[in-house]
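J.: To be precise about what I am sending: the file is called coords-v2.txt and holds compact mmCIF, N, CA and C atoms.
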# COMPACT_ATOMS: atom_id res chain seq x y z
N MET T 1 91.88 86.03 121.07
CA MET T 1 92.43 86.94 122.05
C MET T 1 93.72 87.55 121.51
N PRO T 2 93.83 88.90 121.47
CA PRO T 2 95.02 89.53 120.92
C PRO T 2 96.24 89.30 121.82
N ARG T 3 97.36 89.14 121.15
CA ARG T 3 98.61 88.97 121.89
C ARG T 3 99.19 90.33 122.25
N LYS T 4 99.92 90.36 123.34
CA LYS T 4 100.60 91.59 123.74
C LYS T 4 101.95 91.65 123.04
N SER T 5 102.28 92.80 122.49
CA SER T 5 103.55 92.95 121.78
C SER T 5 104.71 92.87 122.76
N PRO T 6 105.78 92.16 122.39
CA PRO T 6 106.95 92.09 123.28
C PRO T 6 107.79 93.37 123.24
N TYR T 7 107.47 94.28 122.33
CA TYR T 7 108.27 95.50 122.16
C TYR T 7 107.58 96.69 122.83
N ASP T 8 108.12 97.12 123.97
CA ASP T 8 107.62 98.30 124.66
C ASP T 8 108.39 99.51 124.15
N MET T 9 107.72 100.64 124.07
CA MET T 9 108.32 101.82 123.45
C MET T 9 109.18 102.63 124.42
N ASN T 10 108.64 103.11 125.53
CA ASN T 10 109.38 103.94 126.49
C ASN T 10 110.13 105.08 125.80
N LEU T 11 109.40 106.01 125.21
CA LEU T 11 110.01 107.13 124.48
C LEU T 11 110.64 108.13 125.42
N SER T 12 111.77 108.68 124.99
CA SER T 12 112.37 109.80 125.72
C SER T 12 111.62 111.06 125.29
N SER T 13 111.82 112.15 126.01
CA SER T 13 111.10 113.38 125.66
C SER T 13 111.55 113.91 124.29
N ASP T 14 112.83 113.76 123.96
CA ASP T 14 113.32 114.20 122.64
C ASP T 14 112.70 113.36 121.52
N GLU T 15 112.62 112.05 121.72
CA GLU T 15 112.02 111.18 120.71
C GLU T 15 110.55 111.52 120.53
N ARG T 16 109.85 111.75 121.64
CA ARG T 16 108.43 112.09 121.56
C ARG T 16 108.22 113.40 120.78
N LEU T 17 109.02 114.41 121.08
CA LEU T 17 108.90 115.69 120.37
C LEU T 17 109.18 115.51 118.88
N SER T 18 110.21 114.75 118.56
CA SER T 18 110.56 114.51 117.16
C SER T 18 109.44 113.77 116.43
N LEU T 19 108.88 112.74 117.06
CA LEU T 19 107.80 111.97 116.42
C LEU T 19 106.52 112.79 116.29
N GLU T 20 106.19 113.59 117.31
CA GLU T 20 104.99 114.43 117.22
C GLU T 20 105.14 115.45 116.11
N SER T 21 106.33 116.01 115.97
CA SER T 21 106.59 116.97 114.90
C SER T 21 106.46 116.29 113.54
N MET T 22 106.99 115.07 113.42
CA MET T 22 106.93 114.33 112.17
C MET T 22 105.48 113.97 111.83
N ALA T 23 104.69 113.63 112.83
CA ALA T 23 103.30 113.24 112.60
C ALA T 23 102.42 114.42 112.20
N ARG T 24 102.79 115.62 112.62
CA ARG T 24 102.00 116.82 112.31
C ARG T 24 102.44 117.51 111.03
N ARG T 25 103.63 117.21 110.55
CA ARG T 25 104.18 117.93 109.40
C ARG T 25 103.34 117.67 108.16
N TYR T 26 102.83 118.73 107.59
CA TYR T 26 101.92 118.64 106.45
C TYR T 26 102.63 118.18 105.19
N THR T 27 103.90 118.52 105.04
CA THR T 27 104.63 118.21 103.80
C THR T 27 105.40 116.90 103.88
N SER T 28 105.33 116.18 104.98
CA SER T 28 106.03 114.90 105.10
C SER T 28 105.37 113.85 104.22
N PRO T 29 106.16 112.90 103.74
CA PRO T 29 105.54 111.78 103.01
C PRO T 29 104.58 111.02 103.93
N TYR T 30 103.53 110.49 103.35
CA TYR T 30 102.49 109.80 104.11
C TYR T 30 103.07 108.65 104.94
N CYS T 31 104.02 107.91 104.37
CA CYS T 31 104.57 106.76 105.09
C CYS T 31 105.31 107.20 106.36
N ASP T 32 105.99 108.34 106.33
CA ASP T 32 106.68 108.84 107.52
C ASP T 32 105.70 109.24 108.61
N VAL T 33 104.60 109.86 108.21
CA VAL T 33 103.58 110.28 109.16
C VAL T 33 102.95 109.06 109.84
N ILE T 34 102.63 108.04 109.05
CA ILE T 34 102.03 106.83 109.60
C ILE T 34 102.99 106.14 110.57
N ARG T 35 104.26 106.06 110.21
CA ARG T 35 105.25 105.42 111.08
C ARG T 35 105.34 106.15 112.42
N ALA T 36 105.36 107.47 112.37
CA ALA T 36 105.44 108.25 113.61
C ALA T 36 104.19 108.02 114.46
N LYS T 37 103.02 108.01 113.83
CA LYS T 37 101.77 107.80 114.58
C LYS T 37 101.71 106.41 115.19
N ILE T 38 102.23 105.41 114.47
CA ILE T 38 102.26 104.04 115.00
C ILE T 38 103.05 104.01 116.30
N VAL T 39 104.23 104.61 116.29
CA VAL T 39 105.09 104.58 117.48
C VAL T 39 104.47 105.38 118.62
N LEU T 40 103.88 106.52 118.31
CA LEU T 40 103.25 107.33 119.36
C LEU T 40 102.08 106.59 120.02
N LEU T 41 101.26 105.94 119.20
CA LEU T 41 100.14 105.19 119.77
C LEU T 41 100.63 103.97 120.55
N ALA T 42 101.69 103.34 120.07
CA ALA T 42 102.26 102.19 120.78
C ALA T 42 102.81 102.62 122.13
N ASP T 43 103.38 103.82 122.20
CA ASP T 43 103.92 104.32 123.46
C ASP T 43 102.80 104.58 124.47
N GLU T 44 101.61 104.90 123.97
CA GLU T 44 100.47 105.12 124.86
C GLU T 44 99.89 103.81 125.37
N GLY T 45 100.39 102.67 124.87
CA GLY T 45 99.96 101.37 125.38
C GLY T 45 98.90 100.67 124.56
N PHE T 46 98.57 101.20 123.39
CA PHE T 46 97.56 100.56 122.55
C PHE T 46 98.12 99.29 121.92
N PRO T 47 97.31 98.23 121.80
CA PRO T 47 97.77 97.01 121.11
C PRO T 47 97.82 97.22 119.59
N ASN T 48 98.55 96.35 118.91
CA ASN T 48 98.72 96.48 117.46
C ASN T 48 97.39 96.47 116.71
N ASP T 49 96.44 95.64 117.14
CA ASP T 49 95.15 95.56 116.44
C ASP T 49 94.41 96.90 116.50
N LEU T 50 94.42 97.53 117.64
CA LEU T 50 93.72 98.81 117.79
C LEU T 50 94.43 99.92 117.00
N ILE T 51 95.76 99.93 117.02
CA ILE T 51 96.52 100.92 116.24
C ILE T 51 96.20 100.74 114.76
N ALA T 52 96.18 99.50 114.31
CA ALA T 52 95.90 99.22 112.89
C ALA T 52 94.51 99.71 112.50
N SER T 53 93.53 99.50 113.36
CA SER T 53 92.18 99.96 113.01
C SER T 53 92.07 101.48 113.06
N LYS T 54 92.76 102.12 114.01
CA LYS T 54 92.72 103.59 114.09
C LYS T 54 93.36 104.23 112.86
N LEU T 55 94.47 103.65 112.39
CA LEU T 55 95.20 104.25 111.27
C LEU T 55 94.85 103.62 109.93
N ASP T 56 93.91 102.66 109.94
CA ASP T 56 93.46 101.99 108.72
C ASP T 56 94.63 101.39 107.95
N THR T 57 95.47 100.64 108.67
CA THR T 57 96.59 99.93 108.06
C THR T 57 96.56 98.48 108.53
N PRO T 58 97.22 97.59 107.81
CA PRO T 58 97.26 96.18 108.25
C PRO T 58 98.03 96.03 109.56
N ARG T 59 97.61 95.06 110.36
CA ARG T 59 98.27 94.81 111.65
C ARG T 59 99.74 94.44 111.45
N GLN T 60 100.07 93.74 110.37
CA GLN T 60 101.45 93.35 110.12
C GLN T 60 102.36 94.56 109.94
N ILE T 61 101.83 95.62 109.34
CA ILE T 61 102.61 96.85 109.15
C ILE T 61 102.88 97.50 110.51
N VAL T 62 101.87 97.54 111.35
CA VAL T 62 102.04 98.11 112.70
C VAL T 62 103.09 97.32 113.46
N SER T 63 103.01 96.01 113.38
CA SER T 63 103.97 95.15 114.08
C SER T 63 105.39 95.38 113.56
N LYS T 64 105.53 95.51 112.25
CA LYS T 64 106.85 95.73 111.64
C LYS T 64 107.50 97.01 112.15
N TRP T 65 106.75 98.11 112.13
CA TRP T 65 107.35 99.39 112.51
C TRP T 65 107.54 99.49 114.01
N ARG T 66 106.71 98.86 114.78
CA ARG T 66 106.89 98.83 116.23
C ARG T 66 108.20 98.10 116.57
N LYS T 67 108.42 96.97 115.92
CA LYS T 67 109.64 96.19 116.15
C LYS T 67 110.87 96.96 115.69
N ARG T 68 110.83 97.56 114.50
CA ARG T 68 112.00 98.27 113.99
C ARG T 68 112.35 99.46 114.88
N PHE T 69 111.33 100.15 115.40
CA PHE T 69 111.62 101.27 116.29
C PHE T 69 112.21 100.76 117.61
N ALA T 70 111.68 99.69 118.14
CA ALA T 70 112.18 99.16 119.41
C ALA T 70 113.63 98.71 119.30
N LEU T 71 114.02 98.19 118.14
CA LEU T 71 115.39 97.69 117.97
C LEU T 71 116.38 98.77 117.58
N ALA T 72 115.96 99.79 116.81
CA ALA T 72 116.91 100.78 116.29
C ALA T 72 116.54 102.22 116.63
N ARG T 73 115.44 102.44 117.38
CA ARG T 73 114.95 103.77 117.74
C ARG T 73 114.65 104.60 116.48
N LEU T 74 114.90 105.91 116.48
CA LEU T 74 114.50 106.78 115.36
C LEU T 74 115.12 106.39 114.02
N PRO T 75 116.41 106.01 113.96
CA PRO T 75 116.95 105.59 112.65
C PRO T 75 116.23 104.37 112.07
N GLY T 76 115.59 103.58 112.90
CA GLY T 76 114.87 102.41 112.41
C GLY T 76 113.63 102.76 111.61
N LEU T 77 113.15 104.00 111.72
CA LEU T 77 111.95 104.41 110.97
C LEU T 77 112.28 104.87 109.56
N GLU T 78 113.56 105.00 109.23
CA GLU T 78 113.94 105.43 107.89
C GLU T 78 113.74 104.28 106.91
N SER T 79 113.47 104.62 105.66
CA SER T 79 113.29 103.61 104.63
C SER T 79 114.62 102.95 104.32
N GLN T 80 114.57 101.65 104.06
CA GLN T 80 115.76 100.91 103.70
C GLN T 80 115.69 100.56 102.22
N PRO T 81 116.85 100.29 101.61
CA PRO T 81 116.82 99.95 100.19
C PRO T 81 115.98 98.71 99.93
N ARG T 82 115.28 98.72 98.84
CA ARG T 82 114.42 97.60 98.49
C ARG T 82 115.19 96.62 97.61
N GLY T 83 114.73 95.38 97.61
CA GLY T 83 115.36 94.37 96.79
C GLY T 83 114.91 94.47 95.35
N GLY T 84 115.47 93.63 94.54
CA GLY T 84 115.05 93.60 93.14
C GLY T 84 116.17 93.97 92.20
N ARG T 85 115.87 93.85 90.95
CA ARG T 85 116.84 94.14 89.91
C ARG T 85 117.13 95.64 89.86
N PRO T 86 118.40 96.02 89.62
CA PRO T 86 118.69 97.45 89.52
C PRO T 86 118.01 98.08 88.29
N ALA T 87 117.85 99.38 88.33
CA ALA T 87 117.20 100.09 87.23
C ALA T 87 117.98 99.89 85.94
N ARG T 88 117.26 99.69 84.86
CA ARG T 88 117.91 99.44 83.58
C ARG T 88 118.30 100.74 82.90
N PHE T 89 117.50 101.75 83.08
CA PHE T 89 117.77 103.05 82.47
C PHE T 89 118.04 104.06 83.57
N SER T 90 119.01 104.91 83.34
CA SER T 90 119.29 105.95 84.33
C SER T 90 118.23 107.05 84.21
N PRO T 91 117.92 107.71 85.30
CA PRO T 91 116.95 108.80 85.22
C PRO T 91 117.51 109.94 84.35
N GLN T 92 116.67 110.48 83.51
CA GLN T 92 117.11 111.60 82.67
C GLN T 92 115.99 112.62 82.56
N ARG T 93 116.38 113.82 82.17
CA ARG T 93 115.38 114.88 82.00
C ARG T 93 114.50 114.60 80.82
N ARG T 94 113.24 115.04 80.93
CA ARG T 94 112.33 114.92 79.78
C ARG T 94 112.68 115.94 78.72
N ARG T 95 112.44 115.58 77.50
CA ARG T 95 112.64 116.55 76.42
C ARG T 95 111.49 117.55 76.41
N PRO T 96 111.78 118.80 76.14
CA PRO T 96 110.68 119.77 76.08
C PRO T 96 109.73 119.42 74.94
N SER T 97 108.44 119.58 75.18
CA SER T 97 107.47 119.23 74.13
C SER T 97 107.00 120.42 73.38
Since I need it in another form, could you write the structure as structure tokens?
T.:
Amino acid sequence: MPRKSPYDMNLSSDERLSLESMARRYTSPYCDVIRAKIVLLADEGFPNDLIASKLDTPRQIVSKWRKRFALARLPGLESQPRGGRPARFSPQRRRPS
């Protein structure tokens, strides 16, 4: 039996417009579009399992973004720095071939 998420969305009209625009934007990165769609579907009351199957993503990803949005709203959907060793080489231009 699926559990009900403790994080309810309750989007404001401005947040809904912003997320709908982000979800429709053709040039947006794929991860931003998926995050926006997750929140929009969660606001409609769909459980995490159903959202995951509709968007073909793991349930854990849906749960993660639902929680981050509930705690930090729109800024919570932005990417955060990743862990790991810093880059060894600085980015540089390619030499012309």
J.: Go through T:Ser5, T:Asn10, T:Thr57, T:Asn48 one by one, measure the shortest atom-to-atom distance of each to Arg73 in chain T using only C-alpha atoms, and give the residue with the smallest value.
T.: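 When distances to Arg73 in chain T are compared using only C-alpha atoms, the smallest one comes from T:Asn10.
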J.: Compile the contact shell of Asp43 in chain T as a ChimeraX atom specification: residues with an atom at most 9 Å away, counting only C-alpha atoms, same-chain residues fewer than 4 positions apart removed.
T.: /T:8-11,38-39
J.: What are the centre and the three edge lengths of an axis-aligned box that wraps all atoms of range 67-81 of chain T in the file, given that 6 Å is added to every side, written as JSON and rounded to one decimal in Å?
T.:
{"center_x": 112.7, "center_y": 101.5, "center_z": 109.7, "size_x": 20.5, "size_y": 22.6, "size_z": 31.5}
J.: Using all atoms listed in the file, which protein or nucleic acid residues come within 6 Å of range 58-67 of chain T? Drop anything in the same chain fewer than 4 positions from it, and give the result as a list in words.
T.: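 Returned residues: Asn48, Asp49, Ala52, Leu71 and Ala72 of chain T.
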J.: Interatomic distance between atom N of Arg24 in chain T and CA of Pro6 in chain T?
T.: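 Straight-line distance from atom N of Arg24 in chain T to CA of Pro6 in chain T works out to 26.2 Å.
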J.: Could you give me, as an MDAnalysis selection string, each residue of chain T that DSSP assigns to alpha helix (DSSP H) when run on this structure's backbone?
T.: chainID T and resid 13:24 30:43 48:55 59:72
J.: Calculate how many Å separate atom N of Leu77 in chain T from atom N of Ile34 in chain T, rounding to one decimal.
T.: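 Atom N of Ile34 in chain T lies at a distance of 11.6 Å from atom N of Leu77 in chain T.
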J.: To one decimal place, how far is atom N of Pro29 in chain T from atom C of Glu44 in chain T in Å?
T.: 24.3 Å
